[in-house]
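Trainee: Can you keep this structure in mind? I'll have questions shortly.
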Amino acid sequence: MKLRRLLGLDIAREKYAFSKDAAVGHISARKVADSWVKTTCGYCSVGCGMLLGVRDGRVVTSRGDPNHPVNRGKLCPKGLAEHYVLEAEKRAQYPLLRGKDGLARVSWGEAIGTMAREFQRVAEQYGPQAVGVISTGQLVTEEFYTLGKLVQLGLTTSNYDGNTTLCMSTAVAGYKRSFGSDGPPGTYEDMTKADVVLLIGANIAENHPILCQHLEANRPKTLIVVDPRVTKTAMMADIYLPVRPRSDLALLNGIAHILIRDGLIDREYIQRHTNGFDELSAFLEKYEPEYVSSLTGLSTELLHKVAHLYGTAKAGFIGWTMGVNHSSKGTETVNAINNLALLTGNVGRAGGSPFSITGQCNAMGTRETGFTSGLPGYRKFESAEDREEVARIWGVPAERIPMQRGLAYPDIISAVFRREIRALWIIATNPLVSFPNIDVLKQALGGLEFLVVQDGFHPTPTTEIAHLVLPAAIWGEKEGTYTNSERRVSKVNAAVQPPGEALSDFEIFLRLARELGCYDELFPGWERPADAFEEWKRISEGRLCDYSGITYEALEELGGIQWPFPKDSDSPASAVRRLYTNGSFQTADGRAQLYCVDWTPFPEQPSEKFPLVLNTGRTVEHWHTRTKTGAIPILEQLSPRAWLEMNPVDAKGLSLRPHDLVDVVSSRGRVRGVELRVTEVIAPGQVFVPFHFAEWNINEVTQDIFDPISREPNYKQCAVRVEKMPIAPP
């Protein structure tokens, strides 16, 4: 009975059939597919190829595509259960408009007409910048490209950003500062070729588990994991560095100090391809091993060992995720990572790369095309040449192209709070769970004159407060492309129709463009995502992220192509591609920049009132705000509620026992009734809570402090106390 409930099946009534696929064996008769549709997973940025089994017009099963170069047939638990989300109970099916009695169903014509009129009213009354848009990292690239044009040239507001600022803007800013452009230089293959793999704040075993097969394929390597918490990835390590919270920047500077002092650097590469070495060398003198040891808690012997392992490696790979990015010093920490790679020549080398492991399935797609923090094709708002080039391709006056980016995500929320932005359009994201210091966000959104939420699900905490809800198709119901962390473009295909009257985001954008009267100018003749893809190929041609040689047909055949792939490429589409292999970077002089970045303590230190340091993260069963995975019975039952990890020393001091229900309290709020796990995977003085759960929303207590360069939130390292919950929750 329990298994039946987990799977959402009535097993007693099932008939079984034998699959001809020996790898599958006996399966339920109703899960034997009539046909299979190739697509790409819609969760994280790994970009796994999938096959969706369709029977009687429904997706009944999913499996890994054995021919896809990323995953070779493997899927994580989320991917294996992903097809269940298509028939989840809380799918948004009809446009809903708020009236005196709450949200009520309306036609698409009324929904889009009301949206256009309200946005135009606000723009006329307060100016175009009084309209804001917050997007996502989960649309297809063709939709991101369409949305960017619609917002910037149709709505004529530049206050447009995505929730990728909450996870990946730090990596973007760090790459731009060091190399002159966004774009991870390396590939997954580098993990199989590196002598040393250094992972910093990257729990890939739970957050990107398919990447572990690339590590496992490289048995001779030395794996070094840097993390305050003994994660499942740390348990895989040859060397685990249990650094103190937010001391990773000090560690990186300390390693660079030893590399320079002991002559473990590539002086020829530095001289030919970088700027700033003399300044960096002088700056790093104070980061002696004894000083770094006092900051990180690591022994000087361990610091020397790690530095020499990396410095003597033929190829050294450094990967990172949110443990680095979620910080007010995140961009500078990325620059310190890039410094190590540049000092040793580990850029563009097989096995050697500073590699940002991206968060969402198509965060790379929006970074390249989205028209938020830069012009499409990694162009700069500030460059007259770039603006003129884009305007010429689009056939619009260059004066219509913004000369600078608009507000970033957190600054859009601040502008809403100050009532400078009066209308807001939120697309495929759930900020009432994901944004830090939720109370401030609630106050801000409550003052809007018009809030549109476009999502595949309703109700969610964010759709429930909207004036207008637009039901959108999700993964499995629409066509386009995703680009993964290694710059591999893969095809996304529709296996079934969306429920009710839900439409693809692409179709919603075109309908609004028609209502605003800008369709013929911005999207002439567009009917399908392929129309947007073909124009994007022309925009990207000749740029670092060149898609011009990629076709839908080739993507279907190969399972993904890495950019840059120009249309006149003389290398096969299946070839592995790295950036900066010739040492030439996207800067004015073609040289990379070494940065002097100083360690400072994290902003909110523990105190007598709040003595513990909170860390947040993810678990393998769930995705972000759990809108999708929380609707899948097997994943929900595997991880049904939030928990708090605490060291036995702290638990004893607070007279707490395993499975107690506890409150997490900061100066900003309180999260009630979290289940306690007493474990030594967390160090004394620290606690950990996953952030997926709206019911125990840990962002009630996190800080609204942001990286001054990237504007990414400092989700981690806030000061809290833990109290036993006085009464059980209802």
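Identifiers in this document derive from the order of the structure tokens: chains are assigned A, B, ..., residues are numbered from 1 separately in each chain, and ligands are numbered from 1 in order of occurrence.
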Residues of range 185-399 of chain A in helix (DSSP H, G or I) according to DSSP, as a ChimeraX atom specification?

Mentor: /A:189-193,204-207,209-216,234-236,248-261,267-273,277-286,289-296,300-312,322-325,330-343,363-369,384-394,398-399

Trainee: Do you know which residues are at most 10 Å from range 561-567 of chain A counting only C-alpha atoms, after dropping those on the same chain fewer than 3 positions away, and could you put them as a ChimeraX atom specification?

Mentor: /A:69,183,187,483-484,486-491,537,540-551,554-558,570-579

Trainee: Nearest residue to Glu464 in chain A out of A:Gly617, A:Leu303, A:Arg98, A:Val70, using only C-alpha atoms?

Mentor: A:Arg98

Trainee: Mind dumping a table of every range 397-474 of chain A residue within 6 Å of range 148-168 of chain A, with the nearest atom pair and its distance in Å to one decimal, using only C-alpha atoms, sorted by chain and rising number, as a Markdown table?

Mentor:
```
| residue | atom | partner | partner_atom | distance |
| --- | --- | --- | --- | --- |
| A:Gly406 | CA | A:Ser158 | CA | 4.5 |
| A:Leu407 | CA | A:Asn159 | CA | 4.9 |
| A:Ala408 | CA | A:Asp161 | CA | 5.6 |
| A:Tyr409 | CA | A:Asp161 | CA | 5.4 |
```

Trainee: Any chance you could export the current selection's all heavy atoms as a PDB file, in the first residue's frame?

Mentor:
```pdb
ATOM      1  N   GLY A 406      18.784  47.965 -17.155  1.00  0.00           N
ATOM      2  CA  GLY A 406      17.854  48.453 -16.154  1.00  0.00           C
ATOM      3  C   GLY A 406      18.172  47.870 -14.793  1.00  0.00           C
ATOM      4  O   GLY A 406      19.277  47.369 -14.540  1.00  0.00           O
ATOM      5  N   LEU A 407      17.198  47.934 -13.918  1.00  0.00           N
ATOM      6  CA  LEU A 407      17.392  47.441 -12.561  1.00  0.00           C
ATOM      7  C   LEU A 407      17.526  45.922 -12.542  1.00  0.00           C
ATOM      8  O   LEU A 407      16.866  45.212 -13.295  1.00  0.00           O
ATOM      9  CB  LEU A 407      16.208  47.844 -11.684  1.00  0.00           C
ATOM     10  CG  LEU A 407      15.984  49.352 -11.496  1.00  0.00           C
ATOM     11  CD1 LEU A 407      14.716  49.583 -10.674  1.00  0.00           C
ATOM     12  CD2 LEU A 407      17.187  50.009 -10.835  1.00  0.00           C
ATOM     13  N   ALA A 408      18.415  45.423 -11.667  1.00  0.00           N
ATOM     14  CA  ALA A 408      18.523  43.990 -11.433  1.00  0.00           C
ATOM     15  C   ALA A 408      17.379  43.533 -10.528  1.00  0.00           C
ATOM     16  O   ALA A 408      16.690  44.348  -9.895  1.00  0.00           O
ATOM     17  CB  ALA A 408      19.871  43.661 -10.811  1.00  0.00           C
ATOM     18  N   TYR A 409      17.165  42.232 -10.461  1.00  0.00           N
ATOM     19  CA  TYR A 409      16.049  41.644  -9.729  1.00  0.00           C
ATOM     20  C   TYR A 409      15.846  42.281  -8.346  1.00  0.00           C
ATOM     21  O   TYR A 409      14.754  42.797  -8.039  1.00  0.00           O
ATOM     22  CB  TYR A 409      16.269  40.139  -9.641  1.00  0.00           C
ATOM     23  CG  TYR A 409      15.147  39.302  -9.079  1.00  0.00           C
ATOM     24  CD1 TYR A 409      15.108  37.938  -9.340  1.00  0.00           C
ATOM     25  CD2 TYR A 409      14.134  39.819  -8.284  1.00  0.00           C
ATOM     26  CE1 TYR A 409      14.096  37.124  -8.838  1.00  0.00           C
ATOM     27  CE2 TYR A 409      13.120  39.025  -7.768  1.00  0.00           C
ATOM     28  CZ  TYR A 409      13.117  37.678  -8.048  1.00  0.00           C
ATOM     29  OH  TYR A 409      12.120  36.877  -7.544  1.00  0.00           O
TER      30      TYR A 409
END
```

Trainee: May I ask for the distance between CA of Glu385 in chain A and CA of Ile539 in chain A, given in Å to one decimal place?

Mentor: 13.7 Å

Trainee: What lies within 7 Å of Trp599 in chain A using only C-alpha atoms, ignoring chain neighbours under 2 positions off, as an MDAnalysis selection string?

Mentor: chainID A and resid 249:250 597 601

Trainee: Do a neighbour search on Tyr269 in chain A at 9 Å with only C-alpha atoms, toss out local chain neighbours closer than 4 positions, and write the hits as a ChimeraX atom specification.

Mentor: /A:265,273-274,342-345,583

Trainee: For Tyr595 in chain A, please output as a VMD selection string all residues within 12 Å (counting only C-alpha atoms; exclusion window: fewer than 3 positions along the same chain).

Mentor: chain A and resid 174 to 175 177 to 179 253 256 274 to 284 331 to 340 342 to 343 592 598

Trainee: Smallest atom-to-atom distance to His692 in chain A: which of A:Arg229, A:Lys716, A:His622, A:Arg58, using only C-alpha atoms?

Mentor: A:His622

Trainee: In Å to one decimal, how far is CA of Ala473 in chain A from CA of Leu503 in chain A?

Mentor: 5.3 Å
